[in-house]
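Asks: You'll find query-v3.pdb just under this line, and it carries PDB, C-alpha atoms.
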```
MODEL        1
ATOM      1  CA  MET A  18      -4.682 -10.741 -16.170
ATOM      2  CA  SER A  19      -0.924 -10.476 -16.821
ATOM      3  CA  ARG A  20      -1.041  -7.326 -19.020
ATOM      4  CA  LYS A  21      -3.266  -5.474 -16.555
ATOM      5  CA  ARG A  22      -1.119  -6.385 -13.544
ATOM      6  CA  ASN A  23       2.125  -5.505 -15.307
ATOM      7  CA  GLY A  24       0.840  -2.003 -15.986
ATOM      8  CA  MET A  25      -0.296  -1.607 -12.402
ATOM      9  CA  ARG A  26       3.090  -2.751 -11.118
ATOM     10  CA  LYS A  27       4.987  -0.218 -13.234
ATOM     11  CA  ASN A  28       2.849   2.604 -11.886
ATOM     12  CA  ASN A  29       3.504   1.686  -8.267
ATOM     13  CA  ARG A  30       7.052   0.276  -8.228
ATOM     14  CA  ALA A  31       8.573   3.584  -7.204
ATOM     15  CA  ARG A  32       6.420   3.750  -4.089
ATOM     16  CA  ARG A  33       7.020   0.320  -2.570
ATOM     17  CA  GLY A  34       8.767  -1.888  -5.083
ATOM     18  CA  GLY A  35       5.683  -4.099  -5.000
ATOM     19  CA  LEU A  36       3.684  -5.859  -7.634
ATOM     20  CA  ARG A  37       0.363  -4.133  -7.149
ATOM     21  CA  PRO A  38      -1.180  -0.785  -6.171
ATOM     22  CA  HIS A  39      -1.951  -0.334  -2.506
ATOM     23  CA  LEU A  40      -3.620   2.477  -0.659
ATOM     24  CA  ALA A  41      -1.603   4.001   2.135
ATOM     25  CA  LEU A  42      -3.141   3.401   5.549
ATOM     26  CA  ALA A  43      -2.716   6.129   8.123
ATOM     27  CA  GLY A  44      -1.588   4.936  11.508
ATOM     28  CA  LEU A  45       0.629   2.112  10.248
ATOM     29  CA  ALA A  46       4.104   3.269  11.248
ATOM     30  CA  ALA A  47       7.046   1.753   9.393
ATOM     31  CA  GLY A  48       8.909   1.255  12.634
ATOM     32  CA  LEU A  49      10.737   3.199  15.267
ATOM     33  CA  ALA A  50      12.286   6.145  13.445
ATOM     34  CA  VAL A  51      16.059   6.132  13.293
ATOM     35  CA  THR A  52      16.130   9.591  14.832
ATOM     36  CA  THR A  53      15.155   8.007  18.160
ATOM     37  CA  VAL A  54      17.919   5.408  18.040
ATOM     38  CA  SER A  55      20.976   5.968  20.195
ATOM     39  CA  ALA A  56      24.473   5.258  18.894
ATOM     40  CA  ASP A  57      24.895   2.049  20.881
ATOM     41  CA  THR A  58      21.809   0.378  19.429
ATOM     42  CA  LEU A  59      21.115  -1.924  16.477
ATOM     43  CA  ALA A  60      22.563  -4.941  18.311
ATOM     44  CA  GLN A  61      20.870  -8.198  17.389
ATOM     45  CA  PRO A  62      18.731  -9.987  20.000
ATOM     46  CA  LYS A  63      19.896 -12.851  22.154
ATOM     47  CA  ASP A  64      17.328 -14.973  20.349
ATOM     48  CA  ASN A  65      15.469 -14.411  17.060
ATOM     49  CA  ALA A  66      12.804 -17.067  17.656
ATOM     50  CA  LEU A  67      10.000 -14.625  16.863
ATOM     51  CA  GLU A  68      11.504 -13.712  13.489
ATOM     52  CA  ARG A  69      12.058 -17.387  12.674
ATOM     53  CA  GLN A  70       8.447 -18.217  13.447
ATOM     54  CA  ALA A  71       7.134 -15.183  11.549
ATOM     55  CA  ALA A  72       9.124 -16.266   8.481
ATOM     56  CA  SER A  73       6.605 -19.079   7.906
ATOM     57  CA  TYR A  74       3.874 -16.523   7.281
ATOM     58  CA  ILE A  75       6.122 -14.251   5.249
ATOM     59  CA  GLN A  76       6.967 -17.183   2.991
ATOM     60  CA  PHE A  77       3.273 -17.404   2.122
ATOM     61  CA  ARG A  78       3.310 -13.701   1.259
ATOM     62  CA  GLU A  79       6.323 -14.336  -0.971
ATOM     63  CA  ASP A  80       4.468 -17.110  -2.764
ATOM     64  CA  VAL A  81       1.479 -14.840  -3.350
ATOM     65  CA  ALA A  82       3.760 -12.170  -4.816
ATOM     66  CA  ALA A  83       5.473 -14.742  -7.052
ATOM     67  CA  LEU A  84       2.133 -16.018  -8.367
ATOM     68  CA  GLU A  85       0.908 -12.482  -9.031
ATOM     69  CA  ALA A  86       3.872 -12.049 -11.371
ATOM     70  CA  MET A  87       3.238 -15.236 -13.361
ATOM     71  CA  PRO A  88       1.329 -14.821 -16.651
ATOM     72  CA  PHE A  89      -1.474 -17.246 -17.396
ATOM     73  CA  ASN A  90      -0.179 -18.464 -20.754
ATOM     74  CA  ASN A  91       0.539 -22.154 -20.131
ATOM     75  CA  ALA A  92      -0.385 -25.015 -17.843
ATOM     76  CA  GLU A  93       2.743 -24.625 -15.698
ATOM     77  CA  VAL A  94       1.236 -21.659 -13.862
ATOM     78  CA  THR A  95      -1.312 -23.844 -12.071
ATOM     79  CA  ARG A  96       1.292 -26.514 -11.387
ATOM     80  CA  GLU A  97       3.643 -23.970  -9.830
ATOM     81  CA  ALA A  98       0.785 -22.422  -7.859
ATOM     82  CA  HIS A  99      -0.256 -25.806  -6.536
ATOM     83  CA  ARG A 100       3.289 -26.664  -5.452
ATOM     84  CA  ARG A 101       3.740 -23.357  -3.647
ATOM     85  CA  LEU A 102       0.346 -23.072  -1.969
ATOM     86  CA  ALA A 103       0.200 -26.712  -0.853
ATOM     87  CA  ALA A 104       3.650 -26.459   0.734
ATOM     88  CA  HIS A 105       2.419 -24.525   3.765
ATOM     89  CA  ASP A 106       1.772 -26.417   6.985
ATOM     90  CA  SER A 107      -1.339 -25.149   8.770
ATOM     91  CA  GLU A 108       0.273 -25.102  12.214
ATOM     92  CA  SER A 109       3.353 -23.197  11.046
ATOM     93  CA  LEU A 110       1.275 -20.774   8.991
ATOM     94  CA  ALA A 111      -1.087 -19.982  11.887
ATOM     95  CA  ALA A 112       1.792 -19.564  14.348
ATOM     96  CA  GLY A 113       3.747 -17.555  11.794
ATOM     97  CA  TRP A 114       0.878 -15.101  11.434
ATOM     98  CA  VAL A 115       0.732 -14.571  15.214
ATOM     99  CA  ALA A 116       4.501 -14.062  15.382
ATOM    100  CA  TYR A 117       4.488 -11.593  12.517
ATOM    101  CA  ALA A 118       1.566  -9.690  14.073
ATOM    102  CA  ALA A 119       3.660  -9.403  17.251
ATOM    103  CA  LEU A 120       6.489  -7.837  15.262
ATOM    104  CA  VAL A 121       4.029  -5.378  13.724
ATOM    105  CA  ALA A 122       2.814  -4.443  17.214
ATOM    106  CA  ALA A 123       6.354  -4.070  18.560
ATOM    107  CA  ASP A 124       7.138  -1.714  15.670
ATOM    108  CA  GLN A 125       4.504   0.862  16.645
ATOM    109  CA  PRO A 126       5.824   4.006  18.391
ATOM    110  CA  GLY A 127       2.799   4.195  20.699
ATOM    111  CA  PHE A 128       3.376   0.654  21.921
ATOM    112  CA  VAL A 129       7.102   1.297  22.323
ATOM    113  CA  GLU A 130       6.337   4.327  24.475
ATOM    114  CA  ALA A 131       3.841   2.385  26.583
ATOM    115  CA  VAL A 132       6.369  -0.378  27.270
ATOM    116  CA  GLU A 133       9.044   2.210  28.046
ATOM    117  CA  LYS A 134       6.825   3.808  30.689
ATOM    118  CA  GLU A 135       6.078   0.432  32.236
ATOM    119  CA  ILE A 136       9.681  -0.695  32.578
ATOM    120  CA  LYS A 137      10.611   2.616  34.206
ATOM    121  CA  LYS A 138       8.388   1.755  37.157
ATOM    122  CA  LYS A 139      10.257   0.992  40.376
ATOM    123  CA  PRO A 140       9.614  -2.071  42.552
ATOM    124  CA  ASN A 141       7.013  -1.644  45.286
ATOM    125  CA  ARG A 142       8.097  -3.877  48.113
ATOM    126  CA  ARG A 143       5.121  -2.944  50.273
ATOM    127  CA  LYS A 144       2.752  -4.265  47.623
ATOM    128  CA  GLY A 145       5.095  -7.030  46.577
ATOM    129  CA  GLU A 146       5.347  -5.647  43.045
ATOM    130  CA  LEU A 147       8.387  -6.042  40.839
ATOM    131  CA  GLY A 148       9.789  -3.230  38.767
ATOM    132  CA  GLY A 149      11.174  -2.963  35.232
ATOM    133  CA  ALA A 150      10.472  -5.560  32.560
ATOM    134  CA  ASP A 151       9.889  -8.266  35.171
ATOM    135  CA  GLY A 152       7.205  -6.124  36.756
ATOM    136  CA  LEU A 153       5.502  -5.604  33.403
ATOM    137  CA  LEU A 154       5.481  -9.318  32.629
ATOM    138  CA  SER A 155       4.250 -10.065  36.146
ATOM    139  CA  HIS A 156       1.228  -7.832  35.532
ATOM    140  CA  VAL A 157       0.604  -9.616  32.219
ATOM    141  CA  ALA A 158       0.804 -13.017  33.918
ATOM    142  CA  GLN A 159      -1.901 -11.913  36.376
ATOM    143  CA  ASP A 160      -4.044 -10.215  33.732
ATOM    144  CA  PRO A 161      -3.579 -11.366  30.095
ATOM    145  CA  ALA A 162      -5.430  -8.228  28.911
ATOM    146  CA  TYR A 163      -3.102  -5.873  30.832
ATOM    147  CA  LEU A 164      -1.135  -4.775  27.767
ATOM    148  CA  ARG A 165      -4.289  -4.034  25.789
ATOM    149  CA  LYS A 166      -5.297  -1.522  28.469
ATOM    150  CA  LEU A 167      -2.096   0.508  28.275
ATOM    151  CA  SER A 168      -2.060   3.930  26.683
ATOM    152  CA  GLY A 169      -0.549   3.445  23.246
ATOM    153  CA  ALA A 170      -1.678  -0.148  22.919
ATOM    154  CA  ASP A 171      -4.559   0.945  20.688
ATOM    155  CA  GLU A 172      -2.029   1.943  18.044
ATOM    156  CA  ALA A 173      -0.542  -1.550  18.067
ATOM    157  CA  VAL A 174      -3.959  -3.242  17.912
ATOM    158  CA  LYS A 175      -5.074  -1.037  15.029
ATOM    159  CA  ALA A 176      -1.865  -1.874  13.163
ATOM    160  CA  ILE A 177      -2.435  -5.608  13.663
ATOM    161  CA  LEU A 178      -6.049  -5.442  12.487
ATOM    162  CA  ALA A 179      -5.162  -3.258   9.505
ATOM    163  CA  MET A 180      -2.381  -5.621   8.447
ATOM    164  CA  THR A 181      -4.752  -8.569   8.754
ATOM    165  CA  VAL A 182      -7.486  -6.998   6.625
ATOM    166  CA  GLN A 183      -5.047  -5.675   4.037
ATOM    167  CA  ASP A 184      -3.251  -8.997   3.654
ATOM    168  CA  GLY A 185      -6.589 -10.740   3.291
ATOM    169  CA  ALA A 186      -7.619  -8.276   0.586
ATOM    170  CA  ARG A 187      -4.491  -8.910  -1.476
ATOM    171  CA  ILE A 188      -4.690 -12.697  -1.100
ATOM    172  CA  THR A 189      -8.411 -12.695  -1.920
ATOM    173  CA  GLU A 190      -7.837 -10.557  -4.994
ATOM    174  CA  LEU A 191      -5.375 -13.083  -6.357
ATOM    175  CA  GLY A 192      -7.814 -15.876  -5.545
ATOM    176  CA  GLU A 193     -10.528 -14.126  -7.541
ATOM    177  CA  ALA A 194      -8.072 -13.640 -10.405
ATOM    178  CA  PHE A 195      -7.354 -17.388 -10.447
ATOM    179  CA  LYS A 196     -11.070 -18.157 -10.537
ATOM    180  CA  ALA A 197     -11.599 -15.675 -13.361
ATOM    181  CA  GLN A 198      -8.757 -17.259 -15.279
ATOM    182  CA  ALA A 199     -10.338 -20.679 -14.774
ATOM    183  CA  TYR A 200     -13.181 -19.549 -17.033
ATOM    184  CA  ALA A 201     -10.886 -17.808 -19.524
ATOM    185  CA  MET A 202      -8.665 -20.904 -19.767
ATOM    186  CA  GLN A 203     -11.605 -22.965 -20.999
ATOM    187  CA  LYS A 204     -11.303 -21.051 -24.272
ATOM    188  CA  THR A 205      -7.678 -22.172 -24.755
ATOM    189  CA  SER A 206      -6.394 -25.534 -25.921
ATOM    190  CA  TRP A 207      -3.789 -25.779 -23.162
ATOM    191  CA  GLY A 208      -6.318 -24.845 -20.480
ATOM    192  CA  LYS A 209      -8.522 -27.818 -21.436
ATOM    193  CA  GLN A 210      -5.671 -30.238 -22.030
ATOM    194  CA  LYS A 211      -5.630 -33.366 -19.877
ATOM    195  CA  ILE A 212      -2.909 -33.325 -17.211
ATOM    196  CA  GLY A 213      -1.242 -36.040 -15.147
ATOM    197  CA  PRO A 214      -3.076 -38.218 -12.605
ATOM    198  CA  SER A 215      -4.261 -36.241  -9.606
ATOM    199  CA  GLN A 216      -2.470 -38.457  -7.070
ATOM    200  CA  LYS A 217       0.815 -37.893  -8.884
ATOM    201  CA  ARG A 218       0.255 -34.142  -8.722
ATOM    202  CA  LEU A 219      -0.615 -34.286  -5.028
ATOM    203  CA  ASP A 220       2.512 -36.351  -4.328
ATOM    204  CA  GLU A 221       4.601 -33.901  -6.338
ATOM    205  CA  ALA A 222       3.306 -30.970  -4.295
ATOM    206  CA  ALA A 223       3.964 -32.795  -1.023
ATOM    207  CA  SER A 224       7.509 -33.610  -2.158
ATOM    208  CA  TYR A 225       8.085 -29.978  -3.073
ATOM    209  CA  GLY A 226       7.030 -28.914   0.416
ATOM    210  CA  ARG A 227       9.424 -31.373   2.074
ATOM    211  CA  ARG A 228      12.351 -30.282  -0.080
ATOM    212  CA  ARG A 229      11.692 -26.619   0.511
ATOM    213  CA  GLY A 230      12.728 -26.618   4.150
ATOM    214  CA  ALA A 231      12.218 -23.914   6.752
ATOM    215  CA  PRO A 232      12.201 -20.298   5.539
ATOM    216  CA  ALA A 233      15.109 -18.099   6.530
ATOM    217  CA  ALA A 234      14.592 -15.375   9.132
ATOM    218  CA  PRO A 235      15.712 -11.858   8.236
ATOM    219  CA  VAL A 236      18.327  -9.834  10.038
ATOM    220  CA  LEU A 237      16.246  -6.864  11.097
ATOM    221  CA  ALA A 238      17.891  -3.552  11.927
ATOM    222  CA  ARG A 239      16.480  -3.602  15.437
ATOM    223  CA  ALA A 240      16.362  -0.211  17.085
ATOM    224  CA  GLU A 241      16.746   0.152  20.850
ATOM    225  CA  ASN A 242      15.875   3.228  22.833
ATOM    226  CA  ASN A 243      15.797   3.446  26.634
ATOM    227  CA  GLY A 244      15.850  -0.329  26.902
ATOM    228  CA  VAL A 245      12.919  -0.915  24.523
ATOM    229  CA  VAL A 246      13.505  -2.698  21.235
ATOM    230  CA  ALA A 247      11.599  -2.241  17.958
ATOM    231  CA  PRO A 248      12.148  -4.590  14.980
ATOM    232  CA  SER A 249      12.253  -1.883  12.274
ATOM    233  CA  LEU A 250      10.368  -4.012   9.755
ATOM    234  CA  ALA A 251      10.988  -1.384   7.085
ATOM    235  CA  SER A 252      14.634  -2.473   7.125
ATOM    236  CA  ALA A 253      13.770  -5.905   5.689
ATOM    237  CA  ARG A 254      12.704  -6.882   2.174
ATOM    238  CA  GLU A 255       9.275  -5.761   1.042
ATOM    239  CA  GLU A 256       7.408  -8.952   1.967
ATOM    240  CA  TRP A 257       8.080  -8.090   5.642
ATOM    241  CA  ALA A 258       6.442  -4.660   5.369
ATOM    242  CA  ALA A 259       3.276  -4.110   7.419
ATOM    243  CA  ASP A 260       1.584  -2.506   4.407
ATOM    244  CA  TRP A 261       2.286  -5.423   2.049
ATOM    245  CA  GLY A 262      -1.444  -5.930   1.536
ATOM    246  CA  ALA A 263      -3.913  -3.957  -0.519
ATOM    247  CA  GLY A 264      -5.516  -0.865   0.988
ATOM    248  CA  ALA A 265      -8.730  -1.815   2.764
ATOM    249  CA  ASP A 266     -10.751  -1.195   5.904
ATOM    250  CA  GLN A 267      -8.846  -1.106   9.168
ATOM    251  CA  GLY A 268     -10.718  -4.042  10.628
ATOM    252  CA  LYS A 269     -12.218  -4.577  14.068
ATOM    253  CA  MET A 270     -12.549  -7.360  16.583
ATOM    254  CA  THR A 271     -16.045  -8.792  16.332
ATOM    255  CA  GLU A 272     -15.482 -12.005  18.289
ATOM    256  CA  LYS A 273     -14.495 -12.523  21.914
ATOM    257  CA  ASN A 274     -11.907 -15.089  20.846
ATOM    258  CA  ALA A 275     -10.146 -12.390  18.841
ATOM    259  CA  GLU A 276      -9.258 -10.586  22.074
ATOM    260  CA  VAL A 277      -7.537 -13.737  23.322
ATOM    261  CA  VAL A 278      -5.402 -13.902  20.183
ATOM    262  CA  ILE A 279      -4.606 -10.170  20.353
ATOM    263  CA  ASP A 280      -3.525 -10.560  23.994
ATOM    264  CA  ARG A 281      -1.128 -13.336  22.991
ATOM    265  CA  ILE A 282       0.244 -11.169  20.209
ATOM    266  CA  LEU A 283       0.816  -8.207  22.551
ATOM    267  CA  ASN A 284       2.428 -10.522  25.106
ATOM    268  CA  LEU A 285       4.944 -11.643  22.489
ATOM    269  CA  ALA A 286       5.437  -8.047  21.372
ATOM    270  CA  ALA A 287       6.178  -6.895  24.929
ATOM    271  CA  ARG A 288       8.624  -9.734  25.461
ATOM    272  CA  TYR A 289      10.291  -8.894  22.165
ATOM    273  CA  SER A 290      10.488  -5.235  23.165
ATOM    274  CA  THR A 291      12.172  -6.127  26.464
ATOM    275  CA  ASP A 292      14.343  -8.920  25.022
ATOM    276  CA  LYS A 293      12.606 -11.559  27.142
ATOM    277  CA  LEU A 294      11.935 -14.135  24.420
ATOM    278  CA  ASN A 295      13.095 -17.676  23.813
ATOM    279  CA  PRO A 296      11.851 -20.464  21.501
ATOM    280  CA  LYS A 297       9.683 -22.069  24.210
ATOM    281  CA  ILE A 298       7.841 -18.821  24.941
ATOM    282  CA  VAL A 299       7.232 -18.264  21.233
ATOM    283  CA  GLU A 300       5.910 -21.817  20.912
ATOM    284  CA  VAL A 301       3.505 -21.285  23.820
ATOM    285  CA  TYR A 302       2.112 -17.904  22.807
ATOM    286  CA  ALA A 303       2.284 -18.002  18.989
ATOM    287  CA  GLN A 304      -0.947 -19.960  18.766
ATOM    288  CA  ASN A 305      -4.229 -19.296  17.016
ATOM    289  CA  THR A 306      -6.297 -22.452  17.349
ATOM    290  CA  LYS A 307      -9.244 -21.260  15.288
ATOM    291  CA  SER A 308      -7.016 -20.214  12.395
ATOM    292  CA  GLU A 309      -5.042 -23.443  12.568
ATOM    293  CA  ARG A 310      -8.203 -25.559  12.370
ATOM    294  CA  CYS A 311      -9.517 -23.430   9.530
ATOM    295  CA  LEU A 312      -6.224 -23.716   7.639
ATOM    296  CA  SER A 313      -6.176 -27.491   8.137
ATOM    297  CA  MET A 314      -9.661 -27.742   6.672
ATOM    298  CA  ALA A 315      -8.669 -25.472   3.782
ATOM    299  CA  LYS A 316      -5.677 -27.718   3.040
ATOM    300  CA  LEU A 317      -7.871 -30.831   3.127
ATOM    301  CA  THR A 318     -10.460 -29.210   0.878
ATOM    302  CA  LEU A 319      -7.773 -28.094  -1.564
ATOM    303  CA  ASP A 320      -6.384 -31.632  -1.778
ATOM    304  CA  GLN A 321      -9.859 -33.046  -2.352
ATOM    305  CA  CYS A 322     -10.580 -30.443  -5.014
ATOM    306  CA  ILE A 323      -7.274 -31.089  -6.808
ATOM    307  CA  ALA A 324      -7.958 -34.828  -6.669
ATOM    308  CA  ALA A 325     -11.072 -34.247  -8.755
ATOM    309  CA  THR A 326      -9.351 -32.131 -11.415
ATOM    310  CA  ARG A 327      -8.332 -33.296 -14.874
ATOM    311  CA  THR A 328      -7.402 -30.013 -16.566
ATOM    312  CA  PRO A 329      -5.443 -26.811 -15.749
ATOM    313  CA  TYR A 330      -8.583 -24.666 -15.725
ATOM    314  CA  GLU A 331     -10.112 -26.895 -13.052
ATOM    315  CA  GLU A 332      -6.921 -26.624 -11.019
ATOM    316  CA  ALA A 333      -7.030 -22.821 -11.294
ATOM    317  CA  PHE A 334     -10.498 -22.745  -9.733
ATOM    318  CA  CYS A 335      -9.453 -25.001  -6.828
ATOM    319  CA  LEU A 336      -6.372 -22.927  -6.136
ATOM    320  CA  GLY A 337      -8.247 -19.642  -6.252
ATOM    321  CA  GLU A 338     -11.010 -20.783  -3.938
ATOM    322  CA  HIS A 339      -9.205 -23.043  -1.445
ATOM    323  CA  GLY A 340      -5.511 -22.259  -1.851
ATOM    324  CA  LEU A 341      -5.968 -18.484  -1.602
ATOM    325  CA  LYS A 342      -9.421 -17.200  -0.611
ATOM    326  CA  ASP A 343      -9.843 -19.748   2.181
ATOM    327  CA  ILE A 344      -6.460 -18.737   3.612
ATOM    328  CA  ALA A 345      -7.533 -15.092   3.768
ATOM    329  CA  THR A 346     -10.665 -16.134   5.637
ATOM    330  CA  CYS A 347      -8.733 -18.297   8.093
ATOM    331  CA  THR A 348      -6.551 -15.401   9.242
ATOM    332  CA  GLY A 349      -8.997 -12.572   8.574
ATOM    333  CA  TRP A 350     -11.542 -13.570  11.233
ATOM    334  CA  VAL A 351      -9.390 -11.938  13.939
ATOM    335  CA  ALA A 352     -10.055  -8.557  12.311
ATOM    336  CA  GLY A 353     -13.704  -9.289  11.512
ATOM    337  CA  ALA A 354     -12.951 -10.150   7.877
ATOM    338  CA  GLY A 355     -14.538 -13.330   6.552
ATOM    339  CA  ALA A 356     -15.471 -14.498  10.035
ATOM    340  CA  SER A 357     -16.848 -17.993  10.184
TER     341      SER A 357
ENDMDL
END
```
Output the file's structure in the form of structure tokens.

Replies:
Amino acid sequence: MSRKRNGMRKNNRARRGGLRPHLALAGLAAGLAVTTVSADTLAQPKDNALERQAASYIQFREDVAALEAMPFNNAEVTREAHRRLAAHDSESLAAGWVAYAALVAADQPGFVEAVEKEIKKKPNRRKGELGGADGLLSHVAQDPAYLRKLSGADEAVKAILAMTVQDGARITELGEAFKAQAYAMQKTSWGKQKIGPSQKRLDEAASYGRRRGAPAAPVLARAENNGVVAPSLASAREEWAADWGAGADQGKMTEKNAEVVIDRILNLAARYSTDKLNPKIVEVYAQNTKSERCLSMAKLTLDQCIAATRTPYEEAFCLGEHGLKDIATCTGWVAGAGAS
């Protein structure tokens, strides 16, 4: 697996500095182009709660990228994979995905334009309607689907679904690679060698997660134009890029519950765009109950699978199936990928 991936990385490093080849997906804008940014912009937000929450999901992306780069030539690869993949808390990971999806939405020019039009609206005292950003958020409070109906919102939704499917494809591919290596490792002496007691390995992974601490949020080169802010995700390191995943289908919402999650994401995106966020709002809206439950079950299943292992090749199978592929399913359902 290592030799093949190394060659693929060399061929694609110039395009995105990444570890694997990805197909470009039309419609995924890198962010608000700098040509639209006025000279008095690029100021940081009053609060970066959304970035801090999103960092939990990006840390999982970083772990996937790190594991892609590790050659399967000794037993440490499964130990390192177990430590990294088991370190993610299901609640933080689910909320982090929602927060990151909101940043992706807020980075789309069509959504930026839609929000700009909304906040230009004047108050209507006769109808008791507020104007500006407060008016927009008032409409959203009355109708959670309000933002999804705006012209330009489709671009944001498509970007969210595409990111979801693409991320799932990359994570799943690594999971399949781990499972394939599980069979190949049975032909090696180190792959069949007995390893430490399972409880010791589980405790070691839990300790690693506690020591790791919260991931750091990036300082994004936020662009502001006519009072609307875009995060400019392209300004951050590559794991924050919307096209981090492998090229795949754009995705579509196949479940009613997906619309609820998308509405929460767009709500956060609109509040980010109008600088109306704080930690409490992020905590309330950055929720995806179905994903969180799925991720909790995946974590439990991974622990149970690891508890039954005695060799590195057995660990590799558990990690591929439950530490990677299950995670892709738990987030992918929003875009109709791996729905359960």

Asks: As a check of understanding, name the residues that the PyMOL selection byres ((chain A and resi 100) around 8) selects in the supplied structure, as a VMD selection string.

Replies: chain A and resid 96 to 99 101 to 104 221 to 223 225 to 226

Asks: Go through the shown structure with the PyMOL selection byres ((chain A and resi 230) around 12) and write out the matching residues as JSON, numbers by chain.

Replies: {"A": [72, 73, 76, 104, 105, 106, 223, 224, 225, 226, 227, 228, 229, 231, 232, 233]}

Asks: Return as a VMD selection string the set of residues that the PyMOL selection byres ((chain A and resi 168-182) around 6) yields on the displayed structure.

Replies: chain A and resid 45 118 122 125 127 to 128 131 165 167 183 to 185 259 267 to 268 349 352

Asks: Contacts of region 246-258 of chain A at 7 Å or less, counting all atoms listed in the file, minus same-chain residues fewer than 5 places along, as a list of chain:residue names?

Replies: A:Ala47, A:Gly48, A:Leu49, A:Ile75, A:Arg78, A:Glu79, A:Leu120, A:Ala123, A:Asp124, A:Pro235, A:Leu237, A:Ala238, A:Arg239, A:Ala240, A:Glu241, A:Ser290, A:Thr291

Asks: For the residues selected in the previous step, produce a file with C-alpha atoms as a short mmCIF file (atom, residue, chain, number, x, y, z; two decimals), keeping the file's coordinate frame.

Replies:
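File produced: part.cif:
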```cif
data_model
loop_
_atom_site.label_atom_id
_atom_site.label_comp_id
_atom_site.auth_asym_id
_atom_site.auth_seq_id
_atom_site.Cartn_x
_atom_site.Cartn_y
_atom_site.Cartn_z
CA ALA A 47 7.05 1.75 9.39
CA GLY A 48 8.91 1.25 12.63
CA LEU A 49 10.74 3.20 15.27
CA ILE A 75 6.12 -14.25 5.25
CA ARG A 78 3.31 -13.70 1.26
CA GLU A 79 6.32 -14.34 -0.97
CA LEU A 120 6.49 -7.84 15.26
CA ALA A 123 6.35 -4.07 18.56
CA ASP A 124 7.14 -1.71 15.67
CA PRO A 235 15.71 -11.86 8.24
CA LEU A 237 16.25 -6.86 11.10
CA ALA A 238 17.89 -3.55 11.93
CA ARG A 239 16.48 -3.60 15.44
CA ALA A 240 16.36 -0.21 17.08
CA GLU A 241 16.75 0.15 20.85
CA SER A 290 10.49 -5.24 23.16
CA THR A 291 12.17 -6.13 26.46
#
```

Asks: Just the number, please: distance in Å from CA of Leu153 (chain A) to CA of Val132 (chain A), one decimal.

Replies: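 The value is 8.1 Å.
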
Asks: Neighbours of Leu317 (chain A) within 12 Å (all atoms listed in the file; same-chain residues fewer than 6 positions away dropped), as JSON, numbers by chain?

Replies: {"A": [103, 106, 107, 219, 310, 311, 323, 324, 335, 339, 340, 343]}

Asks: For region 327-330 of chain A, please output as a ChimeraX atom specification all residues within 8 Å (counting all atoms listed in the file; exclusion window: fewer than 2 positions along the same chain).

Replies: /A:92,95,198-200,202-203,207-215,325,332-334

Asks: Have a look at A:Ala150, A:Arg142, A:Glu85, A:Tyr74 and name the one nearest to Leu294 (chain A); count only C-alpha atoms.

Replies: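 Closest to Leu294 (chain A), using only C-alpha atoms: A:Ala150.
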
Asks: Name the residues in contact with Val278 (chain A) at a cut-off of 10 Å, using all atoms listed in the file, excluding same-chain residues fewer than 6 positions from it; report them as a VMD selection string.

Replies: chain A and resid 115 284 302 to 307 351

Asks: Kindly provide, as JSON, the centre and edge lengths (Å, one decimal) of an axis-aligned box around all atoms of region 263-281 of chain A given in the file, with 6 Å on each side.

Replies:
```
{"center_x": -8.6, "center_y": -8.0, "center_z": 11.7, "size_x": 26.9, "size_y": 26.2, "size_z": 36.5}
```

Asks: Quick one: pull the distance between CA of Val129 (chain A) and CA of Tyr163 (chain A), Å, one decimal.

Replies: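 Separation between CA of Val129 (chain A) and CA of Tyr163 (chain A): 15.1 Å.
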
Asks: CA of Ser313 (chain A) and CA of Ala345 (chain A), how far apart in Å?

Replies: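 That distance, rounded to one decimal, is 13.2 Å.
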
Asks: May I have the residues within 9 Å of Thr271 (chain A) as a list in words, using all atoms listed in the file and disregarding those fewer than 3 positions away in the same chain?

Replies: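 Once the nearby chain positions are removed, what remains is Asn274, Ala275, Trp350, Val351, Ala352, Gly353 and Ala356 of chain A.
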
Asks: Save out the residues we just selected, C-alpha atoms, as a tab-separated table (two decimals), in the frame of the given file.

Replies:
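Writing done, so here's out-v4.tsv:
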```tsv
chain	number	residue	atom	x	y	z
A	274	ASN	CA	-11.91	-15.09	20.85
A	275	ALA	CA	-10.15	-12.39	18.84
A	350	TRP	CA	-11.54	-13.57	11.23
A	351	VAL	CA	-9.39	-11.94	13.94
A	352	ALA	CA	-10.06	-8.56	12.31
A	353	GLY	CA	-13.70	-9.29	11.51
A	356	ALA	CA	-15.47	-14.50	10.04
```

Asks: Choose the residue, out of A:Met314, A:Thr205, A:Lys196, A:Ala158, that has the smallest atom-to-atom separation from Asn91 (chain A); count all atoms listed in the file.

Replies: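 Smallest separation from Asn91 (chain A) among the options: A:Thr205.
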
Asks: Between A:Glu108, A:Thr326, A:Glu193, A:Leu312, single out the one closest to Lys217 (chain A), counting all atoms listed in the file.

Replies: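 Comparing A:Glu108, A:Thr326, A:Glu193, A:Leu312 against Lys217 (chain A), the winner is A:Thr326.
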